[in-house]
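One structure below.
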Amino acid sequence: MTITLNVLSPEDIRTRRAELLDSIHMSFQELKARGSVFALSPYEQGILDQILDLDYLGDGDS
């Protein structure tokens, strides 16, 4: 088994987060609000999960 490690700078994290939000045409606040009432598609939930992971790795800038 090969393990792949991606090193992300704070700028990389901000860029990836913005790309994810742009892909679903929603603000983070709207995405999070819809997620809290289980109103996301599986794709949108995946985006939210990725953003929360990035926020954990970064400075938590939500």
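Just so we're on the same page: first chain in the structure tokens is A, next is B, and so on; residues restart at 1 for each chain, and ligands are numbered from 1 in the order they show up.
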
Enumerate the residues of chain A with a DSSP assignment of helix (DSSP H, G or I), computed from the backbone, and present them as a VMD selection string.
chain A and resid 10 to 24 28 to 36 42 to 57

Closest atom pairs, stretch 15-43 of chain A residues within 8 Å of stretch 48-53 of chain A, only C-alpha atoms, as a tab-separated table:
residue	atom	partner	partner_atom	distance
A:Arg17	CA	A:Ile51	CA	5.9
A:Leu20	CA	A:Ile51	CA	7.5
A:Leu31	CA	A:Leu48	CA	6.9
A:Lys32	CA	A:Leu48	CA	7.2
A:Gly35	CA	A:Leu48	CA	7.8

Among A:Glu44, A:Val7, A:Tyr56, A:Thr2, A:Phe28 is approached most closely, using only C-alpha atoms, by A:Glu44

Counting only C-alpha atoms, the residue among A:Leu54, A:Ala33, A:Met26, A:Leu40 that lies closest to A:Asp12 is A:Leu54

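Excluding A:Ile13 itself and same-chain residues fewer than 5 positions from it, the residues having an atom within 8 Å of it are A:Leu8, A:Leu54, A:Asp55, A:Gly58, counting only C-alpha atoms.
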
With only C-alpha atoms as the basis for distance, which of A:Pro42, A:Asp59, A:Ile47, A:Ser36 is at the shortest distance from A:Arg16?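 For A:Arg16, the nearest of the candidates is A:Ile47.
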